[in-house]
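Below: structure38.csv (CSV, C-alpha atoms)
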chain,number,residue,atom,x,y,z
A,1,MET,CA,59.8,147.5,63.2
A,2,THR,CA,61.8,144.3,63.0
A,3,ALA,CA,65.4,144.2,62.1
A,4,VAL,CA,66.9,141.6,59.8
A,5,LEU,CA,67.7,138.4,61.6
A,6,ALA,CA,69.9,136.5,59.3
A,7,VAL,CA,72.6,133.8,59.3
A,8,LEU,CA,75.0,134.3,56.5
A,9,LEU,CA,77.5,131.6,55.5
A,10,LEU,CA,80.3,132.6,53.2
A,11,ALA,CA,82.8,130.0,52.1
A,12,THR,CA,85.5,130.6,49.5
A,13,ALA,CA,89.0,129.7,48.5
A,14,ALA,CA,91.7,130.5,50.9
A,15,CYS,CA,93.5,132.8,48.5
A,16,GLY,CA,91.0,135.7,48.8
A,17,GLY,CA,92.1,137.3,52.1
A,18,THR,CA,92.9,141.0,52.4
A,19,GLY,CA,94.2,141.5,55.9
A,20,GLN,CA,96.6,139.7,58.2
A,21,ALA,CA,95.6,136.2,57.2
A,22,GLY,CA,98.6,135.9,55.0
A,23,GLY,CA,99.0,132.5,53.3
A,24,ASP,CA,97.2,130.6,56.1
A,25,ASP,CA,94.5,128.1,55.0
A,26,LEU,CA,91.5,129.5,56.8
A,27,SER,CA,88.9,127.5,55.0
A,28,GLY,CA,88.1,125.5,58.1
A,29,VAL,CA,87.6,128.6,60.3
A,30,THR,CA,84.1,130.0,61.1
A,31,LEU,CA,84.0,133.5,62.6
A,32,ARG,CA,80.8,134.0,64.7
A,33,VAL,CA,79.9,137.7,64.6
A,34,GLY,CA,77.4,139.7,66.6
A,35,ASP,CA,75.6,142.5,64.8
A,36,GLN,CA,73.1,145.2,65.9
A,37,LYS,CA,70.7,147.4,64.0
A,38,GLY,CA,72.3,150.5,65.4
A,39,ALA,CA,75.7,149.5,64.0
A,40,GLY,CA,74.7,147.7,60.8
A,41,LEU,CA,78.0,145.9,60.5
A,42,ARG,CA,76.8,143.2,58.2
A,43,ALA,CA,75.0,145.8,56.1
A,44,LEU,CA,78.1,147.9,55.8
A,45,LEU,CA,80.4,145.1,54.8
A,46,GLU,CA,77.9,143.8,52.2
A,47,ALA,CA,77.3,147.3,50.8
A,48,ALA,CA,81.1,147.9,50.5
A,49,GLY,CA,81.7,144.5,48.8
A,50,GLN,CA,83.9,143.4,51.7
A,51,LEU,CA,82.1,140.1,52.2
A,52,ASP,CA,83.3,138.8,48.8
A,53,GLY,CA,86.1,136.3,48.8
A,54,THR,CA,86.5,135.8,52.6
A,55,PRO,CA,88.8,132.8,53.1
A,56,TYR,CA,86.7,131.6,56.1
A,57,LYS,CA,83.1,131.3,57.0
A,58,ILE,CA,81.0,133.9,58.8
A,59,THR,CA,77.9,133.4,60.8
A,60,TRP,CA,75.9,136.4,61.9
A,61,SER,CA,73.7,136.8,65.0
A,62,GLN,CA,71.5,139.8,65.6
A,63,PHE,CA,71.3,141.7,68.9
A,64,THR,CA,69.4,144.7,70.1
A,65,SER,CA,72.4,146.6,71.6
A,66,GLY,CA,76.0,146.3,72.6
A,67,PRO,CA,75.8,144.8,76.1
A,68,PRO,CA,74.1,141.5,74.9
A,69,ILE,CA,76.8,141.2,72.3
A,70,LEU,CA,79.5,141.2,74.9
A,71,GLU,CA,77.5,138.8,77.1
A,72,ALA,CA,77.5,136.4,74.1
A,73,ILE,CA,81.2,136.9,73.5
A,74,ASN,CA,82.0,136.2,77.2
A,75,ALA,CA,79.7,133.1,77.1
A,76,GLY,CA,81.7,131.8,74.0
A,77,SER,CA,78.7,131.8,71.7
A,78,ILE,CA,80.2,134.4,69.3
A,79,ASP,CA,83.7,135.6,68.7
A,80,PHE,CA,83.4,139.3,67.7
A,81,GLY,CA,81.1,142.3,67.7
A,82,ALA,CA,81.1,146.1,67.5
A,83,VAL,CA,79.7,148.2,70.4
A,84,GLY,CA,79.7,151.7,71.7
A,85,ASN,CA,81.9,153.3,74.4
A,86,ALA,CA,80.1,151.9,77.5
A,87,PRO,CA,79.6,148.2,77.0
A,88,PRO,CA,83.3,147.2,77.3
A,89,VAL,CA,83.4,149.1,80.7
A,90,PHE,CA,80.4,147.2,82.1
A,91,ALA,CA,81.7,143.9,80.7
A,92,ALA,CA,85.2,144.4,82.1
A,93,ALA,CA,83.8,145.3,85.5
A,94,ALA,CA,81.9,142.1,85.5
A,95,GLY,CA,85.1,140.1,84.7
A,96,ALA,CA,84.2,139.3,81.1
A,97,LYS,CA,86.8,137.6,78.9
A,98,ILE,CA,86.9,140.3,76.2
A,99,SER,CA,89.5,142.4,74.5
A,100,ILE,CA,89.2,145.7,72.6
A,101,VAL,CA,90.9,145.0,69.2
A,102,GLY,CA,89.9,148.0,67.2
A,103,VAL,CA,88.2,151.4,67.3
A,104,ALA,CA,86.5,153.8,65.0
A,105,GLU,CA,85.3,157.2,66.0
A,106,ARG,CA,81.9,158.2,64.6
A,107,GLY,CA,79.9,161.4,64.5
A,108,ILE,CA,77.8,161.9,67.6
A,109,GLY,CA,75.1,164.2,66.4
A,110,GLY,CA,72.8,161.2,66.5
A,111,GLN,CA,73.8,160.3,70.1
A,112,ALA,CA,71.0,162.1,71.8
A,113,ILE,CA,68.5,162.5,74.6
A,114,VAL,CA,65.1,163.1,72.9
A,115,VAL,CA,61.8,164.3,74.3
A,116,PRO,CA,58.3,164.7,72.8
A,117,LYS,CA,58.1,167.8,70.6
A,118,ASP,CA,55.6,169.5,73.0
A,119,SER,CA,57.3,168.4,76.2
A,120,PRO,CA,57.9,171.0,78.9
A,121,ILE,CA,61.4,169.6,79.3
A,122,ARG,CA,63.6,172.4,77.7
A,123,THR,CA,67.0,171.9,79.4
A,124,PRO,CA,68.8,168.9,80.8
A,125,ALA,CA,68.2,170.2,84.3
A,126,ASP,CA,64.5,169.6,83.6
A,127,LEU,CA,65.1,165.9,83.6
A,128,LYS,CA,65.2,165.8,87.4
A,129,GLY,CA,62.6,163.3,88.6
A,130,LYS,CA,61.6,162.3,85.1
A,131,ARG,CA,61.4,158.8,83.6
A,132,VAL,CA,64.2,158.4,81.1
A,133,ALA,CA,64.4,155.3,78.9
A,134,VAL,CA,67.9,154.0,78.3
A,135,ALA,CA,69.7,150.7,77.5
A,136,LYS,CA,71.7,149.8,80.6
A,137,GLY,CA,75.4,149.7,80.0
A,138,SER,CA,75.1,151.3,76.5
A,139,SER,CA,76.8,154.4,75.1
A,140,ALA,CA,73.5,156.2,75.8
A,141,ASN,CA,73.8,155.3,79.4
A,142,PHE,CA,77.1,157.2,79.5
A,143,HIS,CA,75.7,160.1,77.6
A,144,LEU,CA,72.8,160.4,80.0
A,145,LEU,CA,75.2,160.2,83.0
A,146,VAL,CA,77.5,163.0,81.8
A,147,VAL,CA,74.7,165.3,80.7
A,148,LEU,CA,73.2,165.0,84.2
A,149,ARG,CA,76.5,165.5,85.9
A,150,LYS,CA,77.2,168.6,83.9
A,151,VAL,CA,74.0,170.3,85.3
A,152,GLY,CA,74.7,169.1,88.8
A,153,LEU,CA,72.3,166.1,88.9
A,154,ALA,CA,73.1,162.7,90.2
A,155,PHE,CA,72.0,159.7,88.2
A,156,THR,CA,69.7,158.8,91.1
A,157,GLU,CA,67.8,162.0,90.5
A,158,VAL,CA,66.2,160.7,87.4
A,159,GLN,CA,64.1,157.5,87.0
A,160,PRO,CA,66.0,155.4,84.6
A,161,GLN,CA,63.8,153.0,82.7
A,162,TYR,CA,66.1,150.2,81.5
A,163,LEU,CA,64.8,149.3,78.1
A,164,GLN,CA,66.3,147.9,74.9
A,165,PRO,CA,65.8,150.2,71.9
A,166,PRO,CA,62.7,148.6,70.3
A,167,ASP,CA,60.9,148.6,73.7
A,168,ALA,CA,62.1,152.1,74.5
A,169,LEU,CA,60.7,153.4,71.1
A,170,ALA,CA,57.3,151.9,72.0
A,171,ALA,CA,57.4,153.4,75.4
A,172,PHE,CA,58.4,156.8,74.1
A,173,SER,CA,55.8,156.8,71.4
A,174,SER,CA,53.0,155.9,73.8
A,175,GLY,CA,54.1,158.5,76.4
A,176,LYS,CA,55.2,156.0,79.1
A,177,VAL,CA,58.5,157.7,79.5
A,178,ASP,CA,59.4,161.4,79.5
A,179,ALA,CA,62.7,161.2,77.6
A,180,TRP,CA,64.8,158.7,75.8
A,181,ALA,CA,68.6,158.5,75.7
A,182,ILE,CA,69.5,156.8,72.5
A,183,TRP,CA,71.7,156.7,69.3
A,184,ASP,CA,71.1,156.6,65.6
A,185,PRO,CA,69.3,155.2,63.7
A,186,TYR,CA,66.8,155.2,66.6
A,187,THR,CA,67.2,158.9,67.1
A,188,ALA,CA,66.3,159.6,63.5
A,189,GLN,CA,63.5,157.1,63.8
A,190,ALA,CA,62.1,158.8,66.9
A,191,GLN,CA,62.2,162.2,65.1
A,192,ALA,CA,60.5,160.9,62.0
A,193,GLN,CA,57.9,158.6,63.5
A,194,ALA,CA,57.2,160.0,67.0
A,195,GLY,CA,58.0,163.7,66.4
A,196,ALA,CA,60.8,163.6,68.9
A,197,ARG,CA,62.8,166.7,69.7
A,198,ILE,CA,66.5,166.5,70.5
A,199,LEU,CA,67.1,167.9,73.9
A,200,VAL,CA,70.8,167.5,73.8
A,201,ASP,CA,73.1,165.6,71.5
A,202,GLY,CA,76.5,164.1,72.2
A,203,GLU,CA,78.6,167.1,71.2
A,204,GLY,CA,80.7,168.2,74.1
A,205,TYR,CA,79.6,165.3,76.3
A,206,ALA,CA,80.5,161.9,74.8
A,207,ASN,CA,83.1,160.4,72.6
A,208,GLY,CA,81.9,158.6,69.4
A,209,PHE,CA,84.0,155.5,69.9
A,210,GLU,CA,82.7,152.3,68.3
A,211,PHE,CA,84.9,149.5,69.7
A,212,GLU,CA,85.5,146.2,67.9
A,213,ILE,CA,85.6,143.5,70.6
A,214,ALA,CA,86.9,139.9,70.4
A,215,GLY,CA,86.7,137.0,72.8
A,216,ARG,CA,90.0,136.1,74.4
A,217,ASP,CA,89.5,132.4,73.4
A,218,ALA,CA,89.2,133.4,69.8
A,219,LEU,CA,92.3,135.6,70.0
A,220,ALA,CA,94.3,132.7,71.6
A,221,ASP,CA,93.5,130.5,68.6
A,222,PRO,CA,96.0,131.2,65.8
A,223,ALA,CA,93.6,130.4,62.9
A,224,ARG,CA,90.7,132.4,64.3
A,225,SER,CA,93.1,135.3,65.2
A,226,ALA,CA,94.3,135.3,61.6
A,227,ALA,CA,90.7,135.4,60.4
A,228,LEU,CA,89.9,138.2,62.8
A,229,GLY,CA,92.9,140.2,61.3
A,230,ASP,CA,91.5,139.8,57.8
A,231,TYR,CA,88.0,140.6,59.0
A,232,LEU,CA,89.1,143.8,60.7
A,233,ALA,CA,91.0,144.9,57.6
A,234,ARG,CA,87.7,144.5,55.7
A,235,VAL,CA,85.8,146.5,58.2
A,236,ARG,CA,88.3,149.3,57.9
A,237,LYS,CA,88.0,149.3,54.1
A,238,ALA,CA,84.2,149.3,54.5
A,239,HIS,CA,84.4,152.4,56.7
A,240,ARG,CA,86.4,154.3,54.1
A,241,TRP,CA,83.9,153.2,51.4
A,242,ALA,CA,81.0,154.4,53.5
A,243,ASN,CA,82.5,157.8,54.0
A,244,GLU,CA,82.8,158.2,50.2
A,245,HIS,CA,79.5,156.6,49.2
A,246,GLN,CA,76.9,157.8,51.8
A,247,ASP,CA,73.9,157.5,49.5
A,248,GLU,CA,74.6,154.0,48.4
A,249,TRP,CA,75.5,152.9,51.9
A,250,ALA,CA,72.2,154.3,53.2
A,251,LYS,CA,70.1,152.5,50.6
A,252,VAL,CA,71.7,149.1,51.5
A,253,PHE,CA,71.4,149.8,55.2
A,254,ALA,CA,67.7,150.6,54.8
A,255,ARG,CA,67.0,147.5,52.7
A,256,LEU,CA,68.7,145.1,55.1
A,257,THR,CA,67.2,146.5,58.3
A,258,GLY,CA,63.8,147.4,57.0
A,259,VAL,CA,64.1,150.9,58.4
A,260,ASP,CA,62.6,153.8,56.4
A,261,GLY,CA,65.1,155.1,53.8
A,262,ASP,CA,64.8,158.7,54.9
A,263,VAL,CA,65.5,157.7,58.5
A,264,ILE,CA,68.6,155.8,57.6
A,265,ALA,CA,69.8,158.6,55.3
A,266,SER,CA,69.6,161.1,58.1
A,267,ALA,CA,71.5,158.8,60.4
A,268,VAL,CA,74.2,158.1,57.9
A,269,LYS,CA,74.8,161.8,57.3
A,270,ARG,CA,75.3,162.3,61.1
A,271,GLY,CA,77.6,159.3,61.2
A,272,GLY,CA,80.8,158.7,59.4
A,273,PHE,CA,83.8,156.7,60.4
A,274,ARG,CA,87.4,157.5,61.4
A,275,ASP,CA,89.5,154.5,62.3
A,276,LEU,CA,92.1,155.0,65.0
A,277,LYS,CA,94.9,153.1,66.5
A,278,LEU,CA,94.5,151.8,70.1
A,279,ALA,CA,97.0,154.3,71.4
A,280,GLY,CA,97.3,156.6,74.4
A,281,ASP,CA,94.7,159.2,73.5
A,282,VAL,CA,92.0,156.6,72.8
A,283,ILE,CA,92.8,154.8,76.0
A,284,ALA,CA,92.8,158.0,78.0
A,285,ARG,CA,89.5,159.2,76.6
A,286,GLU,CA,87.9,155.8,77.2
A,287,GLN,CA,89.3,155.7,80.7
A,288,LEU,CA,87.2,158.8,81.4
A,289,VAL,CA,84.1,156.8,80.6
A,290,ALA,CA,85.1,154.0,82.9
A,291,ASP,CA,85.9,156.4,85.7
A,292,ALA,CA,82.6,158.2,85.4
A,293,PHE,CA,80.7,154.9,85.8
A,294,ALA,CA,82.8,153.9,88.8
A,295,GLU,CA,82.4,157.3,90.5
A,296,ALA,CA,78.6,157.1,90.0
A,297,GLY,CA,78.5,153.6,91.5
A,298,LEU,CA,77.0,152.1,88.4
A,299,ILE,CA,79.7,149.4,88.0
A,300,PRO,CA,80.8,147.0,90.7
A,301,LYS,CA,84.5,147.9,90.5
A,302,PRO,CA,86.9,150.3,88.7
A,303,VAL,CA,88.1,149.3,85.3
A,304,ARG,CA,91.6,150.0,83.8
A,305,ILE,CA,91.0,150.3,80.0
A,306,ALA,CA,94.6,149.5,79.2
A,307,ASP,CA,94.2,146.1,80.7
A,308,ILE,CA,91.5,145.1,78.1
A,309,VAL,CA,93.2,146.5,74.9
A,310,ASP,CA,94.9,144.2,72.3
A,311,THR,CA,96.8,146.2,69.6
A,312,ARG,CA,97.8,143.3,67.4
A,313,PHE,CA,95.5,144.4,64.5
A,314,ASP,CA,96.5,148.1,64.5
A,315,ALA,CA,98.7,147.6,61.4
A,316,THR,CA,95.7,147.9,59.0
A,317,VAL,CA,94.5,151.2,60.5
A,318,GLU,CA,94.8,154.2,58.1
A,319,GLU,CA,94.2,157.1,60.5
A,320,SER,CA,93.7,159.6,57.8
A,321,SER,CA,90.5,157.9,56.6

Can you present the structure in this file as structure tokens?
Amino acid sequence: MTAVLAVLLLATAACGGTGQAGGDDLSGVTLRVGDQKGAGLRALLEAAGQLDGTPYKITWSQFTSGPPILEAINAGSIDFGAVGNAPPVFAAAAGAKISIVGVAERGIGGQAIVVPKDSPIRTPADLKGKRVAVAKGSSANFHLLVVLRKVGLAFTEVQPQYLQPPDALAAFSSGKVDAWAIWDPYTAQAQAQAGARILVDGEGYANGFEFEIAGRDALADPARSAALGDYLARVRKAHRWANEHQDEWAKVFARLTGVDGDVIASAVKRGGFRDLKLAGDVIAREQLVADAFAEAGLIPKPVRIADIVDTRFDATVEESS
């Protein structure tokens, strides 16, 4: 199934901002935003009405997962994107010019390792020696790592098949892999279309962090930084709206992505958003992710999460949401 690939240009008067843009004239600013089907950022903002009245232009580019978004940010082809807990670790270890500028914690029932319904794999220990599809450097990569570690298996004791979600779904459906580490809405899609069984979800293993990432060049530009502040405020309002309007949000998400409505509805119910400040607890919990990858030898050098955090936009966070 093909996700929406769209470029959206929105240009309005400079008086419509809602965040930190203040009285700045941002009509000449274009924010280049990376989106992925699993996050549905554009769909969420559109559904919540938060793309109305932006005092700057937005262009959207579609990606299959978080790591390619951060590669594009580092290359300077986009300014911003939302990714899971692992991509910032891999990007930072590679020396990427990125900063974490926001975070929301999402439900992790849809972060899962799935197997065919009739698979003999019944416990995580049964994954030893098996072919497991996973997107390298993704939140699913971390989930798989900690699940294996908890049952005493090294990452090298499985056969990781590094595939992006659309290719992994095809491989899983055709029996070319034994298991698939993935996130919603792909988890729900695998359940509905391929009869997948959840072997283990994210509860007790992973955090549900969705990080908002910006390029350092964009942050260094006063006008783009102001636009980013306004944009993040809109994202946070959209999160609150989605929590209160799950059915409406699911319908728009399904329409814009082309994914079956029941699949999206299932994913939305397992999701939800809780915006957090980039404070000590968030940094400490994400440091555990970085340390796990370093200890497993899956990144070239250790990463200190505090070094890639920028808190300038924390003012629009309502942590009770």

>> Show me, as a PyMOL selection string, the residues that have an atom within 6 Å of region 93-108 of chain A when counting all atoms listed in the file, minus same-chain residues fewer than 5 positions from it.
In response: chain A and resi 74+202+208-216+270-276+301+303+308-310

>> Just checking: using only C-alpha atoms, which residue out of A:Pro165, A:Pro55, A:Gly110, A:Gly152 ends up closest to Val268 (chain A)?
In response: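 That would be A:Gly110, the residue with the smallest distance to Val268 (chain A).
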
> Of the candidates A:Leu219, A:Asp314, A:Thr123, A:Pro116, which one gets nearest to Ala171 (chain A) if we count all atoms listed in the file?
Replying inline: A:Pro116

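A straight line drawn from CA of Asn243 (chain A) to CA of Trp60 (chain A) is 23.7 Å long.
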
>> With only C-alpha atoms as the counted atoms, please give the residues lying no more than 10 Å from region 182-193 of chain A, apart from itself and same-chain residues fewer than 5 positions off, as a VMD selection string.
In response: chain A and resid 37 to 40 84 108 to 117 133 to 135 138 to 141 143 to 144 164 to 166 168 to 170 172 to 173 198 201 to 202 259 to 260 262 to 268 270 to 271

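The list of residues with at least one atom within 8 Å of region 315-317 of chain A, based on all atoms listed in the file and without residues fewer than 4 positions apart in the same chain, reads Gly19, Leu232, Ala233, Arg236, Asp275, Leu276 and Lys277 of chain A.
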
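Proximity of A:Ala206, A:Ile305, A:Ala179, A:Ile73 to Gln159 (chain A), computed with all atoms listed in the file, is greatest for A:Ala179.
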
> What lies within 9 Å of Gly28 (chain A) using all atoms listed in the file, ignoring chain neighbours under 3 positions off, as a list in words?
Replying inline: Asp25, Pro55, Tyr56, Lys57 and Ala223 of chain A

> Got a sec: who's within 10 Å of Ser77 (chain A), counting all atoms listed in the file, leaving out chain neighbours fewer than 4 positions off, as a PyMOL selection string?
Replying inline: chain A and resi 32-34+61+69-73+215

> Which polymer residues, protein or nucleic acid, are no farther than 9 Å from (64.1, 156.3, 85.4), counting all atoms listed in the file, as a PyMOL selection string?
Replying inline: chain A and resi 129-134+156-162+177

> Closest to Glu318 (chain A) among A:Ala250, A:Ala292, A:Leu298, A:Val235, using only C-alpha atoms?
Replying inline: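 Closest candidate: A:Val235.
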
>> Which residue is closest to Phe80 (chain A)? Choose from A:Phe155, A:Tyr205, A:Tyr231, A:Trp180 and count all atoms listed in the file.
In response: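 Of all the options, A:Tyr231 lies closest to Phe80 (chain A).
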
>> Could you check the closest approach to Ile58 (chain A) for each of A:Thr311, A:Gln246, A:Asn207, A:Ser27 and tell me which residue wins, using all atoms listed in the file?
In response: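 The answer is A:Ser27, which sits nearest to Ile58 (chain A).
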
Would you mind putting N, CA, C and O atoms back on region 98-120 of chain A and writing the result as a PDB file, in the frame of the given file?
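Printed below is out_21.pdb as written:
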ATOM      1  N   ILE A  98      86.946 139.526  77.477  1.00  0.00           N
ATOM      2  CA  ILE A  98      86.900 140.300  76.200  1.00  0.00           C
ATOM      3  C   ILE A  98      88.095 141.155  76.069  1.00  0.00           C
ATOM      4  O   ILE A  98      88.715 141.537  77.058  1.00  0.00           O
ATOM      5  N   SER A  99      88.412 141.485  74.805  1.00  0.00           N
ATOM      6  CA  SER A  99      89.500 142.400  74.500  1.00  0.00           C
ATOM      7  C   SER A  99      89.026 143.407  73.448  1.00  0.00           C
ATOM      8  O   SER A  99      88.338 143.021  72.494  1.00  0.00           O
ATOM      9  N   ILE A 100      89.410 144.674  73.612  1.00  0.00           N
ATOM     10  CA  ILE A 100      89.200 145.700  72.600  1.00  0.00           C
ATOM     11  C   ILE A 100      90.289 145.488  71.519  1.00  0.00           C
ATOM     12  O   ILE A 100      91.467 145.567  71.831  1.00  0.00           O
ATOM     13  N   VAL A 101      89.906 145.226  70.273  1.00  0.00           N
ATOM     14  CA  VAL A 101      90.900 145.000  69.200  1.00  0.00           C
ATOM     15  C   VAL A 101      90.885 146.015  68.129  1.00  0.00           C
ATOM     16  O   VAL A 101      91.712 145.972  67.212  1.00  0.00           O
ATOM     17  N   GLY A 102      89.955 146.954  68.180  1.00  0.00           N
ATOM     18  CA  GLY A 102      89.900 148.000  67.200  1.00  0.00           C
ATOM     19  C   GLY A 102      88.944 149.093  67.614  1.00  0.00           C
ATOM     20  O   GLY A 102      88.117 148.890  68.514  1.00  0.00           O
ATOM     21  N   VAL A 103      89.058 150.265  66.968  1.00  0.00           N
ATOM     22  CA  VAL A 103      88.200 151.400  67.300  1.00  0.00           C
ATOM     23  C   VAL A 103      88.006 152.298  66.113  1.00  0.00           C
ATOM     24  O   VAL A 103      88.956 152.565  65.379  1.00  0.00           O
ATOM     25  N   ALA A 104      86.777 152.745  65.924  1.00  0.00           N
ATOM     26  CA  ALA A 104      86.500 153.800  65.000  1.00  0.00           C
ATOM     27  C   ALA A 104      85.729 154.892  65.720  1.00  0.00           C
ATOM     28  O   ALA A 104      84.915 154.604  66.598  1.00  0.00           O
ATOM     29  N   GLU A 105      86.011 156.142  65.391  1.00  0.00           N
ATOM     30  CA  GLU A 105      85.300 157.200  66.000  1.00  0.00           C
ATOM     31  C   GLU A 105      84.207 157.707  65.005  1.00  0.00           C
ATOM     32  O   GLU A 105      84.502 157.951  63.839  1.00  0.00           O
ATOM     33  N   ARG A 106      82.981 157.804  65.493  1.00  0.00           N
ATOM     34  CA  ARG A 106      81.900 158.200  64.600  1.00  0.00           C
ATOM     35  C   ARG A 106      81.293 159.526  65.060  1.00  0.00           C
ATOM     36  O   ARG A 106      81.478 159.968  66.187  1.00  0.00           O
ATOM     37  N   GLY A 107      80.593 160.160  64.146  1.00  0.00           N
ATOM     38  CA  GLY A 107      79.900 161.400  64.500  1.00  0.00           C
ATOM     39  C   GLY A 107      78.887 161.180  65.568  1.00  0.00           C
ATOM     40  O   GLY A 107      78.246 160.122  65.604  1.00  0.00           O
ATOM     41  N   ILE A 108      78.726 162.148  66.472  1.00  0.00           N
ATOM     42  CA  ILE A 108      77.800 161.900  67.600  1.00  0.00           C
ATOM     43  C   ILE A 108      76.627 162.857  67.624  1.00  0.00           C
ATOM     44  O   ILE A 108      75.970 163.027  68.650  1.00  0.00           O
ATOM     45  N   GLY A 109      76.296 163.408  66.468  1.00  0.00           N
ATOM     46  CA  GLY A 109      75.100 164.200  66.400  1.00  0.00           C
ATOM     47  C   GLY A 109      73.826 163.379  66.614  1.00  0.00           C
ATOM     48  O   GLY A 109      72.787 163.900  67.022  1.00  0.00           O
ATOM     49  N   GLY A 110      73.914 162.071  66.336  1.00  0.00           N
ATOM     50  CA  GLY A 110      72.800 161.200  66.500  1.00  0.00           C
ATOM     51  C   GLY A 110      72.750 160.508  67.877  1.00  0.00           C
ATOM     52  O   GLY A 110      71.823 159.752  68.186  1.00  0.00           O
ATOM     53  N   GLN A 111      73.769 160.755  68.695  1.00  0.00           N
ATOM     54  CA  GLN A 111      73.800 160.300  70.100  1.00  0.00           C
ATOM     55  C   GLN A 111      73.007 161.364  70.862  1.00  0.00           C
ATOM     56  O   GLN A 111      73.490 162.495  71.000  1.00  0.00           O
ATOM     57  N   ALA A 112      71.825 161.042  71.342  1.00  0.00           N
ATOM     58  CA  ALA A 112      71.000 162.100  71.800  1.00  0.00           C
ATOM     59  C   ALA A 112      70.045 161.698  72.951  1.00  0.00           C
ATOM     60  O   ALA A 112      69.757 160.513  73.146  1.00  0.00           O
ATOM     61  N   ILE A 113      69.588 162.697  73.693  1.00  0.00           N
ATOM     62  CA  ILE A 113      68.500 162.500  74.600  1.00  0.00           C
ATOM     63  C   ILE A 113      67.299 163.264  73.934  1.00  0.00           C
ATOM     64  O   ILE A 113      67.391 164.464  73.639  1.00  0.00           O
ATOM     65  N   VAL A 114      66.245 162.522  73.642  1.00  0.00           N
ATOM     66  CA  VAL A 114      65.100 163.100  72.900  1.00  0.00           C
ATOM     67  C   VAL A 114      63.897 163.163  73.869  1.00  0.00           C
ATOM     68  O   VAL A 114      63.765 162.361  74.807  1.00  0.00           O
ATOM     69  N   VAL A 115      63.030 164.120  73.585  1.00  0.00           N
ATOM     70  CA  VAL A 115      61.800 164.300  74.300  1.00  0.00           C
ATOM     71  C   VAL A 115      60.669 164.535  73.308  1.00  0.00           C
ATOM     72  O   VAL A 115      60.931 164.889  72.155  1.00  0.00           O
ATOM     73  N   PRO A 116      59.413 164.342  73.700  1.00  0.00           N
ATOM     74  CA  PRO A 116      58.300 164.700  72.800  1.00  0.00           C
ATOM     75  C   PRO A 116      58.373 166.146  72.375  1.00  0.00           C
ATOM     76  O   PRO A 116      58.809 167.005  73.154  1.00  0.00           O
ATOM     77  N   LYS A 117      57.925 166.450  71.168  1.00  0.00           N
ATOM     78  CA  LYS A 117      58.100 167.800  70.600  1.00  0.00           C
ATOM     79  C   LYS A 117      57.398 168.867  71.483  1.00  0.00           C
ATOM     80  O   LYS A 117      57.853 170.009  71.549  1.00  0.00           O
ATOM     81  N   ASP A 118      56.301 168.495  72.163  1.00  0.00           N
ATOM     82  CA  ASP A 118      55.600 169.500  73.000  1.00  0.00           C
ATOM     83  C   ASP A 118      55.892 169.312  74.473  1.00  0.00           C
ATOM     84  O   ASP A 118      55.181 169.840  75.327  1.00  0.00           O
ATOM     85  N   SER A 119      56.968 168.619  74.792  1.00  0.00           N
ATOM     86  CA  SER A 119      57.300 168.400  76.200  1.00  0.00           C
ATOM     87  C   SER A 119      57.741 169.678  76.880  1.00  0.00           C
ATOM     88  O   SER A 119      58.388 170.546  76.279  1.00  0.00           O
ATOM     89  N   PRO A 120      57.401 169.821  78.160  1.00  0.00           N
ATOM     90  CA  PRO A 120      57.900 171.000  78.900  1.00  0.00           C
ATOM     91  C   PRO A 120      59.345 170.913  79.275  1.00  0.00           C
ATOM     92  O   PRO A 120      59.904 171.888  79.783  1.00  0.00           O
TER      93      PRO A 120
END
